[in-house]
Amino acid sequence: GEYTETLRSLASSGAELIIAAYPPMIDAVVEIAPQYPDQNFALIVGETPEEIPNVMSFFEMASDASYLVGALAGLYTKTGTVGCTFPTRNPEMDRFISGYQQGLKATNKDAKFLLNIVGGDHPFEDPATAKRLALVHHEQGADVVFAAGGSTCLGVLEAAADSNGGFVSTG
């Protein structure tokens, strides 16, 4: 509901371009964009189930960006173990994971990769679960934990801050 009302407010303000930044906003765009056919909407990391004339969908090069983050993790890790806490598994998230793994192996072929998935009804909006899962990575020896996906990332950042240097978070 929050996304729908925010998009409705932006559309009614006369904004020329409204950008929805991640998959949980798709339903709101599908509902609001047809009501404002003279305005342009963009989905970053997502697409509508059917074509809507005033909506453009984009997929950023997630694997390229996460490759670089993985390469840095491979260079940084002292334990040889890195973690990845993500909201869900889908084609977009898998591009992040794959790029990260490839970058990690490019700079540290012996590094161990751990993966935890938040899941649940609102995986992109669950920092508490992400924090708990990041701490599990740390208990398993990870000194770098990669996070991506909405406000869920905040939990991983908080866990890293609470670890007092025990591990760092990237994403």
# chains A, B, ... in the order shown; residues from 1 in each chain; ligands from 1

call {"tool": "residues_around", "arguments": {"residues": "Ala11 of chain A", "least_positions_apart": "4", "cutoff": "7 Å", "atoms": "only C-alpha atoms", "output": "number ranges by chain"}}
result
A: 7, 15, 36

call {"tool": "select_by_dssp", "arguments": {"residues": "segment 69-153 of chain A", "states": "strand (DSSP E or B)", "output": "PyMOL selection string"}}
result
chain A and resi 81-86+112-117+144-147

call {"tool": "write_last_selection", "arguments": {"atoms": "N, CA and C atoms", "output": "CSV table (one decimal), in the first residue's frame"}}
result
chain,number,residue,atom,x,y,z
A,81,THR,N,36.7,-17.0,4.0
A,81,THR,CA,35.2,-17.3,4.0
A,81,THR,C,34.5,-16.0,3.8
A,82,VAL,N,33.6,-15.9,2.8
A,82,VAL,CA,32.7,-14.8,2.7
A,82,VAL,C,31.3,-15.3,2.6
A,83,GLY,N,30.4,-14.4,3.0
A,83,GLY,CA,28.9,-14.7,3.0
A,83,GLY,C,28.2,-13.8,2.1
A,84,CYS,N,26.9,-14.2,1.8
A,84,CYS,CA,26.0,-13.5,0.9
A,84,CYS,C,24.6,-13.7,1.5
A,85,THR,N,24.0,-12.6,2.0
A,85,THR,CA,22.7,-12.6,2.5
A,85,THR,C,21.7,-11.8,1.6
A,86,PHE,N,20.8,-12.6,1.0
A,86,PHE,CA,20.0,-12.0,0.0
A,86,PHE,C,18.5,-12.2,0.3
A,112,LYS,N,35.9,-19.7,0.4
A,112,LYS,CA,34.6,-20.4,0.7
A,112,LYS,C,33.5,-19.4,0.6
A,113,PHE,N,32.4,-19.8,-0.1
A,113,PHE,CA,31.3,-18.9,-0.3
A,113,PHE,C,30.1,-19.5,0.4
A,114,LEU,N,29.4,-18.6,1.3
A,114,LEU,CA,28.2,-19.0,2.0
A,114,LEU,C,27.1,-18.2,1.5
A,115,LEU,N,25.9,-18.8,1.4
A,115,LEU,CA,24.7,-18.1,1.0
A,115,LEU,C,23.5,-18.3,1.9
A,116,ASN,N,22.9,-17.3,2.4
A,116,ASN,CA,21.6,-17.4,3.1
A,116,ASN,C,20.6,-16.5,2.4
A,117,ILE,N,19.3,-17.0,2.4
A,117,ILE,CA,18.2,-16.3,1.8
A,117,ILE,C,17.2,-16.0,2.9
A,144,VAL,N,33.5,-11.2,5.5
A,144,VAL,CA,32.9,-10.3,4.5
A,144,VAL,C,31.5,-10.8,4.2
A,145,VAL,N,30.5,-10.0,4.3
A,145,VAL,CA,29.1,-10.4,4.0
A,145,VAL,C,28.5,-9.4,3.0
A,146,PHE,N,28.1,-9.9,1.9
A,146,PHE,CA,27.5,-9.1,0.8
A,146,PHE,C,26.0,-9.1,1.0
A,147,ALA,N,25.4,-8.0,0.8
A,147,ALA,CA,23.9,-7.8,0.9
A,147,ALA,C,23.4,-7.1,-0.3

call {"tool": "closest_residue", "arguments": {"among": "A:Leu104, A:Ile32, A:Cys153, A:Leu10", "to": "Ala130 of chain A", "atoms": "only C-alpha atoms"}}
result
A:Cys153

call {"tool": "atom_distance", "arguments": {"atom1": "atom CA of Ser151 of chain A", "atom2": "atom CA of Phe167 of chain A"}}
result
19.7 Å

call {"tool": "residues_around", "arguments": {"residues": "Gly155 of chain A", "least_positions_apart": "3", "cutoff": "8 Å", "atoms": "only C-alpha atoms", "output": "PyMOL selection string"}}
result
chain A and resi 126-132+134+151-152+158-159

call {"tool": "closest_residue", "arguments": {"among": "A:Ala28, A:Tyr22, A:Val55, A:Ala71", "to": "Gly150 of chain A", "atoms": "only C-alpha atoms"}}
result
A:Tyr22

call {"tool": "closest_residue", "arguments": {"among": "A:Thr88, A:Thr48, A:Thr6, A:Thr170", "to": "Tyr100 of chain A", "atoms": "only C-alpha atoms"}}
result
A:Thr170

call {"tool": "closest_residue", "arguments": {"among": "A:Ala111, A:Leu68, A:Ala106, A:Met25", "to": "Glu47 of chain A", "atoms": "only C-alpha atoms"}}
result
A:Met25

call {"tool": "closest_residue", "arguments": {"among": "A:Asp27, A:Thr107, A:Asp121, A:Ile52", "to": "Thr77 of chain A", "atoms": "only C-alpha atoms"}}
result
A:Thr107
